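Source file: run-v3.tsv. Holds: TSV, C-alpha atoms.
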```
chain	number	residue	atom	x	y	z
A	17	ILE	CA	33.69	-18.28	-3.31
A	18	GLU	CA	36.19	-17.77	-6.12
A	19	ALA	CA	34.58	-14.38	-6.83
A	20	GLY	CA	34.91	-13.39	-3.17
A	21	HIS	CA	31.15	-13.11	-2.57
A	22	PRO	CA	29.87	-13.91	0.93
A	23	THR	CA	27.33	-16.68	0.39
A	24	PHE	CA	24.25	-17.69	2.37
A	25	ILE	CA	22.83	-21.21	1.98
A	26	TRP	CA	19.13	-21.50	2.88
A	27	GLY	CA	17.35	-24.82	3.25
A	28	ASP	CA	15.18	-27.12	5.33
A	29	PRO	CA	16.69	-29.01	8.28
A	30	GLY	CA	18.69	-32.15	7.59
A	31	ILE	CA	19.26	-31.71	3.85
A	32	GLY	CA	23.06	-31.39	4.00
A	33	LYS	CA	23.86	-27.68	4.16
A	34	SER	CA	26.85	-28.28	6.44
A	35	ASP	CA	28.02	-31.30	4.44
A	36	PHE	CA	27.75	-29.21	1.30
A	37	ALA	CA	30.13	-26.58	2.72
A	38	ARG	CA	32.59	-29.30	3.76
A	39	TRP	CA	32.39	-30.89	0.31
A	40	VAL	CA	33.09	-27.58	-1.43
A	41	ALA	CA	36.11	-26.91	0.80
A	42	SER	CA	37.43	-30.42	0.21
A	43	SER	CA	36.96	-30.24	-3.57
A	44	MET	CA	38.71	-26.84	-3.70
A	45	LYS	CA	41.47	-28.18	-1.42
A	46	ILE	CA	41.12	-25.30	1.03
A	47	GLY	CA	40.54	-25.14	4.77
A	48	LEU	CA	37.22	-25.03	6.60
A	49	ILE	CA	36.34	-23.62	10.01
A	50	ASP	CA	32.80	-24.55	11.04
A	51	LEU	CA	31.27	-22.21	13.62
A	52	ARG	CA	27.84	-23.32	14.87
A	53	LEU	CA	26.82	-19.88	16.03
A	54	THR	CA	24.08	-21.15	18.35
A	55	LEU	CA	26.87	-22.56	20.54
A	56	TYR	CA	28.82	-19.30	20.88
A	57	ASP	CA	28.59	-16.17	22.99
A	58	PRO	CA	29.51	-12.77	21.50
A	59	THR	CA	32.78	-12.80	23.45
A	60	ASP	CA	33.77	-16.08	21.77
A	61	LEU	CA	33.92	-14.20	18.47
A	62	LYS	CA	34.86	-10.67	19.47
A	63	GLY	CA	37.58	-11.75	21.90
A	64	TYR	CA	38.22	-10.72	25.49
A	65	PRO	CA	38.73	-7.04	26.37
A	66	VAL	CA	42.08	-6.00	27.85
A	67	ARG	CA	43.42	-2.66	29.08
A	68	SER	CA	46.57	-1.07	27.76
A	69	GLY	CA	48.28	2.25	28.38
A	70	SER	CA	47.71	4.37	31.48
A	71	GLY	CA	46.02	7.51	32.62
A	72	THR	CA	44.32	9.49	29.88
A	73	LYS	CA	45.97	7.27	27.28
A	74	GLU	CA	44.51	4.07	28.67
A	75	VAL	CA	42.49	2.20	26.03
A	76	MET	CA	40.62	-1.05	25.69
A	77	SER	CA	41.42	-3.58	23.02
A	78	PHE	CA	40.42	-7.19	22.38
A	79	ILE	CA	42.42	-10.40	22.33
A	80	PRO	CA	41.27	-12.20	19.13
A	81	PRO	CA	39.89	-15.74	19.63
A	82	ALA	CA	42.06	-18.65	18.53
A	83	LEU	CA	39.15	-20.19	16.61
A	84	LEU	CA	39.37	-17.60	13.79
A	85	PRO	CA	41.90	-18.08	10.95
A	86	THR	CA	45.07	-16.01	10.68
A	87	LYS	CA	46.65	-17.35	7.47
A	88	GLY	CA	46.10	-19.54	4.42
A	89	LYS	CA	42.92	-20.04	2.39
A	90	GLY	CA	39.58	-21.47	3.36
A	91	ILE	CA	35.90	-21.11	4.15
A	92	LEU	CA	34.73	-19.56	7.40
A	93	PHE	CA	31.38	-21.31	7.75
A	94	LEU	CA	28.87	-19.47	9.95
A	95	ASP	CA	26.28	-22.17	10.46
A	96	GLU	CA	22.82	-21.58	12.00
A	97	LEU	CA	23.23	-17.81	11.64
A	98	PRO	CA	19.48	-16.93	11.82
A	99	GLN	CA	19.08	-19.15	14.88
A	100	ALA	CA	21.92	-17.58	16.90
A	101	ALA	CA	21.31	-15.10	19.73
A	102	PRO	CA	21.01	-11.50	18.47
A	103	ALA	CA	24.21	-10.44	20.27
A	104	THR	CA	26.15	-13.29	18.66
A	105	GLN	CA	24.65	-12.43	15.29
A	106	ALA	CA	25.80	-8.82	15.73
A	107	ALA	CA	29.39	-10.01	16.12
A	108	ALA	CA	29.05	-12.21	13.06
A	109	TYR	CA	27.59	-9.28	11.11
A	110	GLN	CA	30.79	-7.29	11.56
A	111	LEU	CA	32.75	-10.20	10.11
A	112	VAL	CA	30.50	-10.25	7.05
A	113	LEU	CA	30.23	-6.49	6.58
A	114	ASP	CA	33.81	-5.46	7.34
A	115	ARG	CA	35.75	-8.78	7.32
A	116	LYS	CA	37.06	-7.87	10.77
A	117	LEU	CA	36.19	-7.92	14.45
A	118	ASN	CA	37.77	-5.15	16.49
A	119	GLU	CA	41.55	-5.70	16.08
A	120	TYR	CA	41.08	-8.98	14.19
A	121	LYS	CA	41.07	-9.02	10.36
A	122	LEU	CA	39.97	-11.99	8.27
A	123	PRO	CA	42.82	-13.03	5.92
A	124	ASP	CA	42.25	-12.32	2.23
A	125	GLY	CA	42.36	-16.02	1.36
A	126	TRP	CA	39.33	-16.80	3.52
A	127	GLN	CA	35.74	-16.45	2.32
A	128	ILE	CA	32.57	-16.36	4.38
A	129	VAL	CA	29.74	-18.83	3.85
A	130	ALA	CA	26.73	-18.79	6.17
A	131	ALA	CA	23.77	-21.14	6.41
A	132	GLY	CA	20.44	-21.41	8.15
A	133	ASN	CA	16.94	-22.86	8.06
A	134	HIS	CA	13.90	-21.08	6.67
A	135	ALA	CA	11.63	-19.19	9.08
A	136	ARG	CA	8.80	-21.55	8.07
A	137	ASN	CA	10.70	-24.45	9.66
A	138	GLY	CA	9.81	-23.16	13.12
A	139	GLY	CA	12.08	-22.90	16.14
A	140	VAL	CA	14.13	-19.85	17.02
A	141	HIS	CA	14.62	-17.55	14.04
A	142	HIS	CA	15.74	-13.93	13.87
A	143	ALA	CA	15.07	-11.88	10.75
A	144	MET	CA	18.20	-10.80	8.92
A	145	PRO	CA	18.63	-7.01	8.64
A	146	PRO	CA	18.22	-5.88	5.00
A	147	ALA	CA	21.69	-4.29	4.93
A	148	LEU	CA	23.29	-7.57	5.94
A	149	ALA	CA	21.11	-9.68	3.61
A	150	ASN	CA	22.17	-7.47	0.73
A	151	ARG	CA	25.84	-8.34	1.32
A	152	PHE	CA	25.21	-12.06	0.74
A	153	THR	CA	24.71	-14.04	-2.43
A	154	HIS	CA	21.73	-16.22	-1.44
A	155	ILE	CA	21.46	-19.84	-2.54
A	156	MET	CA	18.35	-21.96	-1.94
A	157	LEU	CA	19.41	-25.57	-1.39
A	158	THR	CA	16.78	-28.23	-2.03
A	159	PRO	CA	17.15	-32.02	-1.82
A	160	ASP	CA	17.19	-34.02	-5.05
A	161	HIS	CA	16.49	-37.73	-4.79
A	162	ALA	CA	18.73	-38.79	-7.69
A	163	GLU	CA	21.70	-36.86	-6.32
A	164	TRP	CA	21.09	-38.14	-2.77
A	165	ASP	CA	20.91	-41.68	-4.13
A	166	ASP	CA	24.26	-41.21	-5.88
A	167	TRP	CA	25.78	-39.93	-2.64
A	168	ALA	CA	24.19	-42.73	-0.58
A	169	ARG	CA	25.53	-45.56	-2.75
A	170	GLY	CA	28.07	-47.44	-0.67
A	171	LYS	CA	27.29	-45.29	2.40
A	172	VAL	CA	23.63	-46.10	3.17
A	173	ASP	CA	21.98	-49.52	3.40
A	174	ASP	CA	20.68	-50.65	-0.01
A	175	MET	CA	17.24	-51.37	1.48
A	176	VAL	CA	16.87	-47.72	2.45
A	177	ARG	CA	17.94	-46.64	-1.04
A	178	ALA	CA	15.52	-49.11	-2.62
A	179	TYR	CA	12.64	-47.89	-0.45
A	180	LEU	CA	13.30	-44.26	-1.36
A	181	ARG	CA	13.34	-45.15	-5.04
A	182	PHE	CA	9.89	-46.59	-4.43
A	183	ARG	CA	8.81	-43.55	-2.36
A	184	PRO	CA	11.12	-40.67	-3.41
A	185	ALA	CA	8.75	-38.03	-1.99
A	186	GLN	CA	9.64	-39.28	1.49
A	187	LEU	CA	13.26	-38.20	1.19
A	188	LEU	CA	12.15	-34.97	2.89
A	189	ASP	CA	8.69	-34.90	4.44
A	190	MET	CA	8.18	-31.71	6.41
A	191	GLU	CA	4.46	-32.48	6.78
A	192	ALA	CA	5.35	-35.53	8.89
A	193	ARG	CA	6.93	-33.13	11.37
A	194	LYS	CA	3.42	-32.13	12.47
A	195	ALA	CA	2.81	-35.67	13.73
A	196	GLY	CA	5.84	-35.86	16.02
A	197	ILE	CA	9.41	-34.87	16.74
A	198	ALA	CA	11.01	-37.37	14.34
A	199	TYR	CA	10.43	-36.99	10.61
A	200	PRO	CA	12.14	-38.01	7.34
A	201	THR	CA	15.08	-35.95	6.07
A	202	PRO	CA	18.13	-36.95	4.00
A	203	ARG	CA	20.12	-36.89	7.25
A	204	SER	CA	17.68	-39.11	9.17
A	205	TRP	CA	17.48	-41.62	6.31
A	206	ALA	CA	21.26	-41.99	6.45
A	207	LYS	CA	20.88	-42.76	10.17
A	208	CYS	CA	18.29	-45.41	9.29
A	209	GLY	CA	20.91	-47.10	7.14
A	210	GLN	CA	23.23	-47.25	10.16
A	211	ILE	CA	20.46	-48.74	12.32
A	212	LEU	CA	19.68	-51.48	9.79
A	213	ALA	CA	23.37	-52.29	9.37
A	214	GLN	CA	23.67	-52.96	13.11
A	215	GLY	CA	21.41	-56.02	12.85
A	216	HIS	CA	18.95	-55.38	15.70
A	217	GLY	CA	15.80	-57.47	16.00
A	218	VAL	CA	12.61	-56.25	14.34
A	219	SER	CA	11.08	-54.80	17.50
A	220	THR	CA	14.23	-52.85	18.37
A	221	GLU	CA	14.59	-51.69	14.76
A	222	LEU	CA	11.02	-50.40	14.83
A	223	GLU	CA	11.66	-48.39	18.01
A	224	LEU	CA	14.91	-46.93	16.70
A	225	LEU	CA	13.54	-46.15	13.24
A	226	THR	CA	10.38	-44.60	14.72
A	227	GLY	CA	12.58	-42.34	16.81
A	228	THR	CA	14.55	-41.37	13.69
A	229	ILE	CA	12.02	-40.89	10.86
A	230	GLY	CA	8.65	-41.11	12.63
A	231	GLU	CA	6.18	-43.94	13.09
A	232	GLY	CA	4.55	-43.82	9.65
A	233	ALA	CA	7.75	-43.89	7.62
A	234	ALA	CA	9.35	-46.48	9.94
A	235	THR	CA	6.39	-48.85	9.62
A	236	GLU	CA	6.37	-48.53	5.83
A	237	LEU	CA	10.14	-49.04	5.60
A	238	LEU	CA	10.07	-52.25	7.66
A	239	ALA	CA	7.09	-53.59	5.68
A	240	PHE	CA	9.06	-52.89	2.49
A	241	ILE	CA	12.14	-54.65	3.89
A	242	LYS	CA	10.05	-57.65	5.00
A	243	THR	CA	8.77	-58.04	1.43
A	244	ALA	CA	12.26	-57.57	-0.01
A	245	ARG	CA	13.75	-60.21	2.28
A	246	GLU	CA	11.41	-62.77	0.71
A	247	LEU	CA	12.93	-62.11	-2.71
A	248	PRO	CA	15.30	-64.60	-4.33
A	249	SER	CA	18.90	-64.02	-3.33
A	250	LEU	CA	21.24	-62.20	-5.68
A	251	ASP	CA	23.29	-65.38	-6.02
A	252	GLU	CA	20.18	-67.27	-7.12
A	253	ILE	CA	19.32	-64.57	-9.65
A	254	LEU	CA	22.82	-64.52	-11.14
A	255	LEU	CA	23.02	-68.32	-11.28
A	256	SER	CA	19.59	-68.75	-12.88
A	257	PRO	CA	18.44	-65.41	-14.34
A	258	ASP	CA	15.93	-67.18	-16.64
A	259	THR	CA	14.15	-69.08	-13.88
A	260	ALA	CA	14.70	-67.20	-10.60
A	261	PRO	CA	11.37	-65.94	-9.19
A	262	VAL	CA	10.27	-62.46	-10.25
A	263	PRO	CA	8.52	-60.27	-7.65
A	264	VAL	CA	4.96	-59.12	-8.15
A	265	SER	CA	4.59	-55.96	-6.05
A	266	PRO	CA	6.06	-52.64	-7.27
A	267	GLY	CA	8.01	-52.20	-4.04
A	268	ALA	CA	9.65	-55.60	-4.38
A	269	LYS	CA	10.56	-54.84	-7.99
A	270	TYR	CA	12.28	-51.61	-6.93
A	271	ALA	CA	14.11	-53.56	-4.23
A	272	VAL	CA	15.42	-56.30	-6.51
A	273	ALA	CA	16.44	-53.77	-9.19
A	274	THR	CA	18.37	-51.70	-6.64
A	275	LEU	CA	20.12	-54.72	-5.15
A	276	LEU	CA	20.99	-56.11	-8.56
A	277	GLU	CA	22.35	-52.74	-9.66
A	278	SER	CA	24.75	-52.71	-6.69
A	279	LYS	CA	26.01	-56.15	-7.77
A	280	ALA	CA	26.27	-55.49	-11.52
A	281	SER	CA	29.70	-55.81	-13.12
A	282	LYS	CA	31.25	-56.54	-16.51
A	283	THR	CA	31.34	-60.24	-15.67
A	284	ASN	CA	27.65	-60.56	-14.78
A	285	ILE	CA	25.93	-57.80	-16.80
A	286	LYS	CA	24.47	-60.44	-19.15
A	287	GLN	CA	22.79	-62.27	-16.27
A	288	CYS	CA	21.57	-59.00	-14.77
A	289	LEU	CA	19.95	-57.87	-18.02
A	290	THR	CA	18.47	-61.32	-18.62
A	291	TYR	CA	16.70	-61.18	-15.28
A	292	MET	CA	15.73	-57.49	-15.58
A	293	GLY	CA	14.27	-58.29	-19.00
A	294	ARG	CA	11.58	-60.27	-17.19
A	295	LEU	CA	10.44	-57.17	-15.29
A	296	ASP	CA	8.32	-54.32	-16.64
A	297	LYS	CA	10.00	-51.86	-18.97
A	298	GLU	CA	9.92	-49.03	-16.39
A	299	TYR	CA	12.12	-51.05	-14.02
A	300	GLN	CA	14.47	-52.04	-16.82
A	301	THR	CA	14.82	-48.39	-17.85
A	302	ALA	CA	15.45	-47.26	-14.27
A	303	PHE	CA	18.04	-50.02	-13.86
A	304	MET	CA	19.87	-48.97	-17.02
A	305	HIS	CA	19.67	-45.30	-16.18
A	306	ASN	CA	21.17	-45.90	-12.73
A	307	ILE	CA	24.07	-48.06	-13.87
A	308	THR	CA	24.78	-45.48	-16.60
A	309	ARG	CA	25.24	-42.86	-13.87
A	310	THR	CA	27.15	-45.00	-11.41
A	311	LYS	CA	28.96	-47.69	-13.40
A	312	ARG	CA	30.07	-46.04	-16.60
A	313	GLU	CA	32.36	-48.94	-17.44
A	314	LEU	CA	29.30	-51.10	-18.15
A	315	SER	CA	28.14	-48.81	-20.97
A	316	SER	CA	30.83	-50.24	-23.24
A	317	THR	CA	29.69	-53.86	-22.87
A	318	LYS	CA	27.95	-55.65	-25.75
A	319	GLU	CA	24.94	-56.49	-23.57
A	320	TYR	CA	24.44	-52.86	-22.58
A	321	ILE	CA	24.69	-51.63	-26.19
A	322	ASP	CA	22.34	-54.37	-27.44
A	323	TRP	CA	19.72	-53.43	-24.82
A	324	CYS	CA	19.94	-49.74	-25.76
A	325	LEU	CA	19.54	-50.53	-29.47
A	326	ALA	CA	16.55	-52.77	-28.78
A	327	ASN	CA	14.87	-50.19	-26.54
A	328	ARG	CA	15.52	-46.95	-28.37
A	329	GLU	CA	11.96	-45.75	-27.90
A	330	LEU	CA	12.31	-45.95	-24.11
A	331	LEU	CA	15.46	-43.86	-24.25
A	332	GLY	CA	13.90	-41.23	-26.52
A	333	VAL	CA	16.17	-42.14	-29.45
A	334	GLY	CA	14.60	-42.14	-32.90
```

Before we go any further, please render this structure as structure tokens.
Amino acid sequence: IEAGHPTFIWGDPGIGKSDFARWVASSMKIGLIDLRLTLYDPTDLKGYPVRSGSGTKEVMSFIPPALLPTKGKGILFLDELPQAAPATQAAAYQLVLDRKLNEYKLPDGWQIVAAGNHARNGGVHHAMPPALANRFTHIMLTPDHAEWDDWARGKVDDMVRAYLRFRPAQLLDMEARKAGIAYPTPRSWAKCGQILAQGHGVSTELELLTGTIGEGAATELLAFIKTARELPSLDEILLSPDTAPVPVSPGAKYAVATLLESKASKTNIKQCLTYMGRLDKEYQTAFMHNITRTKRELSSTKEYIDWCLANRELLGVG
């Protein structure tokens, strides 16, 4: 964007292409206009034709649409470009190729970013002409579980985060799409967090989750949550880290480590590490790695430093 290169973001559905564009605009403190091209007709972009002059000097011009920017700096985000109708795409092409549409000219401070799904994802998809494709800098966006987990902290229910730490491959499962309309994506997992936070009964949760991530993933998630709900409470763990029950199943261990991580602070890090010390080393290491990323203030505590010194081999330190 800073170099003035039109950029195209490719990726599977539901992985955050649109959110990514909004995040970039926000971090750069510039504007954003989001045009979902599948919702627009060519006239919406090109403007309405009007007549001016008379006789042999009569000409046709276009009234530019109000949705396009006229000043300032920002990102003009052309979302779902490959899925738009060919006539709408043609109008968008002129914006990319010439930075103008008829009488309209895109201000110098605005840069074009487009996005779309891969052809392999199915649905409507129109091949991009080579001349247009060559004008873009193409970026392939893929989901990363660790980065999604960082984003989800404080936004998505901890049980969903714990489950995906146990089954990270399910963050995006395009194969599940073959079994039904609903399937797991980063976007649909965030919706699952909202469903769980609403406190519906189990039967209603199952119906809603099935309609969001598919039957297989929904059934596994609720089975995971059922096991996790039988764990000792965080209060019990922090009050008696030496004697509080320790889970047996791997899923339950991921759950308790995730929940404890969300509760960890400078005042209770000793209790947290005492309890985590009773779990297998892989869960201890994951716990320490995660709080290192998300709670940097804990890395200066005596308990944190002592654990790192005692477990150098796990951290790859000689």

I'd like to know which of A:Ala162, A:Val172, A:Met190, A:Leu247 is closest to Ala213 (chain A), using only C-alpha atoms. A:Val172

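In this comparison, which uses only C-alpha atoms, the residue of A:Gly69, A:Gly209, A:Pro81, A:Gly125 approaching Asp174 (chain A) most closely is A:Gly209.
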
Restricting the calculation to all atoms listed in the file: of A:Leu83, A:Leu113, A:Leu53, A:Ile241, which residue gets closest to Ala178 (chain A)? A:Ile241

CA of Leu84 (chain A) and CA of His142 (chain A) are how many Å apart?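 One can read the CA of Leu84 (chain A) to CA of His142 (chain A) distance as 23.9 Å.
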
May I ask for the distance between CA of Ala260 (chain A) and CA of Tyr291 (chain A), given in Å to one decimal place?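 Straight-line distance from CA of Ala260 (chain A) to CA of Tyr291 (chain A) works out to 7.9 Å.
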
Need to verify the contact set: Phe303 (chain A), 9 Å, all atoms listed in the file, exclusion of same-chain residues closer than 5 positions in sequence. Can you return it as a PDB file with C-alpha atoms, in the coordinates of the input?
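Produced file around-v6.pdb, reproduced below:
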```pdb
ATOM      1  CA  ALA A 273      16.440 -53.770  -9.190  1.00  0.00           C
ATOM      2  CA  THR A 274      18.370 -51.700  -6.640  1.00  0.00           C
ATOM      3  CA  LEU A 276      20.990 -56.110  -8.560  1.00  0.00           C
ATOM      4  CA  GLU A 277      22.350 -52.740  -9.660  1.00  0.00           C
ATOM      5  CA  MET A 292      15.730 -57.490 -15.580  1.00  0.00           C
ATOM      6  CA  GLU A 298       9.920 -49.030 -16.390  1.00  0.00           C
ATOM      7  CA  THR A 308      24.780 -45.480 -16.600  1.00  0.00           C
TER       8      THR A 308
END
```

With 12 Å as the cut-off and only C-alpha atoms counted, what is the closest atom pair between each nearby residue of region 150-265 of chain A and region 19-37 of chain A? Distances in Å to one decimal, ordered by chain and number, as a Markdown table.
```
| residue | atom | partner | partner_atom | distance |
| --- | --- | --- | --- | --- |
| A:Asn150 | CA | A:Pro22 | CA | 10.0 |
| A:Arg151 | CA | A:Pro22 | CA | 6.9 |
| A:Phe152 | CA | A:Pro22 | CA | 5.0 |
| A:Thr153 | CA | A:Thr23 | CA | 4.7 |
| A:His154 | CA | A:Phe24 | CA | 4.8 |
| A:Ile155 | CA | A:Ile25 | CA | 4.9 |
| A:Met156 | CA | A:Trp26 | CA | 4.9 |
| A:Leu157 | CA | A:Gly27 | CA | 5.1 |
| A:Thr158 | CA | A:Gly27 | CA | 6.3 |
| A:Pro159 | CA | A:Ile31 | CA | 6.1 |
| A:Asp160 | CA | A:Ile31 | CA | 9.4 |
| A:His161 | CA | A:Ile31 | CA | 10.9 |
| A:Glu163 | CA | A:Ile31 | CA | 11.7 |
| A:Trp164 | CA | A:Ile31 | CA | 9.4 |
| A:Trp167 | CA | A:Gly32 | CA | 11.2 |
| A:Leu187 | CA | A:Ile31 | CA | 9.2 |
| A:Leu188 | CA | A:Ile31 | CA | 7.9 |
| A:Asp189 | CA | A:Asp28 | CA | 10.2 |
| A:Met190 | CA | A:Asp28 | CA | 8.4 |
| A:Arg193 | CA | A:Pro29 | CA | 11.0 |
| A:Ala198 | CA | A:Gly30 | CA | 11.5 |
| A:Tyr199 | CA | A:Gly30 | CA | 10.0 |
| A:Pro200 | CA | A:Gly30 | CA | 8.8 |
| A:Thr201 | CA | A:Gly30 | CA | 5.5 |
| A:Pro202 | CA | A:Ile31 | CA | 5.4 |
| A:Arg203 | CA | A:Gly30 | CA | 5.0 |
| A:Ser204 | CA | A:Gly30 | CA | 7.2 |
| A:Trp205 | CA | A:Gly30 | CA | 9.6 |
| A:Ala206 | CA | A:Gly30 | CA | 10.2 |
| A:Lys207 | CA | A:Gly30 | CA | 11.1 |
| A:Thr228 | CA | A:Gly30 | CA | 11.8 |
| A:Ile229 | CA | A:Gly30 | CA | 11.5 |
```

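Of the listed residues A:Thr54, A:Thr59, A:Thr86, A:Gln214, the one whose atoms come nearest to Pro98 (chain A) is A:Thr54, with distances taken using only C-alpha atoms.
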
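One finds CA of Gly196 (chain A) at 18.9 Å from CA of Asn133 (chain A).
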
If you count only C-alpha atoms, the residue of A:Met175, A:Ile307, A:Leu51, A:Leu225 closest to Ala244 (chain A) turns out to be A:Met175

Quick one: everything within 8 Å of Cys288 (chain A), counting only C-alpha atoms, minus sequence neighbours fewer than 5 positions away in the same chain. Send it as a list in words.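 Near Cys288 (chain A), the qualifying residues are Ile253, Leu254, Pro257, Leu276 and Ala280 of chain A.
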
Using all atoms listed in the file: which of A:Ile197, A:Ile46, A:Ala130, A:Leu275 has the shortest distance to Lys87 (chain A): A:Ile46

Once you add 6 Å to each side, what are the centre and edge lengths of the axis-aligned box holding all listed atoms of region 97-114 of chain A? One decimal in Å, as JSON, if you can.
```
{"center_x": 26.4, "center_y": -12.3, "center_z": 13.4, "size_x": 26.7, "size_y": 25.7, "size_z": 25.7}
```

Quick one: residues within 12 Å of (13.8, -48.0, -17.2) (file frame), counting only C-alpha atoms, please, as a PDB file with C-alpha atoms, in the coordinates of the input.
```
ATOM      1  CA  LYS A 269      10.560 -54.840  -7.990  1.00  0.00           C
ATOM      2  CA  TYR A 270      12.280 -51.610  -6.930  1.00  0.00           C
ATOM      3  CA  ALA A 273      16.440 -53.770  -9.190  1.00  0.00           C
ATOM      4  CA  LEU A 289      19.950 -57.870 -18.020  1.00  0.00           C
ATOM      5  CA  MET A 292      15.730 -57.490 -15.580  1.00  0.00           C
ATOM      6  CA  GLY A 293      14.270 -58.290 -19.000  1.00  0.00           C
ATOM      7  CA  LEU A 295      10.440 -57.170 -15.290  1.00  0.00           C
ATOM      8  CA  ASP A 296       8.320 -54.320 -16.640  1.00  0.00           C
ATOM      9  CA  LYS A 297      10.000 -51.860 -18.970  1.00  0.00           C
ATOM     10  CA  GLU A 298       9.920 -49.030 -16.390  1.00  0.00           C
ATOM     11  CA  TYR A 299      12.120 -51.050 -14.020  1.00  0.00           C
ATOM     12  CA  GLN A 300      14.470 -52.040 -16.820  1.00  0.00           C
ATOM     13  CA  THR A 301      14.820 -48.390 -17.850  1.00  0.00           C
ATOM     14  CA  ALA A 302      15.450 -47.260 -14.270  1.00  0.00           C
ATOM     15  CA  PHE A 303      18.040 -50.020 -13.860  1.00  0.00           C
ATOM     16  CA  MET A 304      19.870 -48.970 -17.020  1.00  0.00           C
ATOM     17  CA  HIS A 305      19.670 -45.300 -16.180  1.00  0.00           C
ATOM     18  CA  ASN A 306      21.170 -45.900 -12.730  1.00  0.00           C
ATOM     19  CA  ILE A 307      24.070 -48.060 -13.870  1.00  0.00           C
ATOM     20  CA  THR A 308      24.780 -45.480 -16.600  1.00  0.00           C
ATOM     21  CA  TRP A 323      19.720 -53.430 -24.820  1.00  0.00           C
ATOM     22  CA  CYS A 324      19.940 -49.740 -25.760  1.00  0.00           C
ATOM     23  CA  ASN A 327      14.870 -50.190 -26.540  1.00  0.00           C
ATOM     24  CA  ARG A 328      15.520 -46.950 -28.370  1.00  0.00           C
ATOM     25  CA  GLU A 329      11.960 -45.750 -27.900  1.00  0.00           C
ATOM     26  CA  LEU A 330      12.310 -45.950 -24.110  1.00  0.00           C
ATOM     27  CA  LEU A 331      15.460 -43.860 -24.250  1.00  0.00           C
ATOM     28  CA  GLY A 332      13.900 -41.230 -26.520  1.00  0.00           C
TER      29      GLY A 332
END
```

Output as a JSON list (two decimals), in the frame of the given file: region 140-151 of chain A, completed with N, CA and C atoms.
```
[["chain", "number", "residue", "atom", "x", "y", "z"],
["A", 140, "VAL", "N", 13.62, -21.21, 16.87],
["A", 140, "VAL", "CA", 14.13, -19.85, 17.02],
["A", 140, "VAL", "C", 14.62, -19.34, 15.67],
["A", 141, "HIS", "N", 14.21, -18.12, 15.32],
["A", 141, "HIS", "CA", 14.62, -17.55, 14.04],
["A", 141, "HIS", "C", 14.56, -16.03, 14.15],
["A", 142, "HIS", "N", 15.67, -15.39, 13.82],
["A", 142, "HIS", "CA", 15.74, -13.93, 13.87],
["A", 142, "HIS", "C", 15.89, -13.40, 12.45],
["A", 143, "ALA", "N", 15.04, -12.45, 12.10],
["A", 143, "ALA", "CA", 15.07, -11.88, 10.75],
["A", 143, "ALA", "C", 16.42, -11.21, 10.49],
["A", 144, "MET", "N", 16.92, -11.38, 9.29],
["A", 144, "MET", "CA", 18.20, -10.80, 8.92],
["A", 144, "MET", "C", 17.99, -9.34, 8.49],
["A", 145, "PRO", "N", 18.75, -8.41, 9.05],
["A", 145, "PRO", "CA", 18.63, -7.01, 8.64],
["A", 145, "PRO", "C", 18.87, -6.87, 7.13],
["A", 146, "PRO", "N", 18.08, -6.03, 6.45],
["A", 146, "PRO", "CA", 18.22, -5.88, 5.00],
["A", 146, "PRO", "C", 19.64, -5.53, 4.56],
["A", 147, "ALA", "N", 20.34, -4.69, 5.32],
["A", 147, "ALA", "CA", 21.69, -4.29, 4.93],
["A", 147, "ALA", "C", 22.63, -5.48, 4.93],
["A", 148, "LEU", "N", 22.45, -6.38, 5.89],
["A", 148, "LEU", "CA", 23.29, -7.57, 5.94],
["A", 148, "LEU", "C", 22.89, -8.54, 4.83],
["A", 149, "ALA", "N", 21.58, -8.76, 4.65],
["A", 149, "ALA", "CA", 21.11, -9.68, 3.61],
["A", 149, "ALA", "C", 21.63, -9.27, 2.24],
["A", 150, "ASN", "N", 21.74, -7.97, 2.02],
["A", 150, "ASN", "CA", 22.17, -7.47, 0.73],
["A", 150, "ASN", "C", 23.65, -7.73, 0.45],
["A", 151, "ARG", "N", 24.41, -8.03, 1.50],
["A", 151, "ARG", "CA", 25.84, -8.34, 1.32],
["A", 151, "ARG", "C", 26.07, -9.78, 0.88]]
```
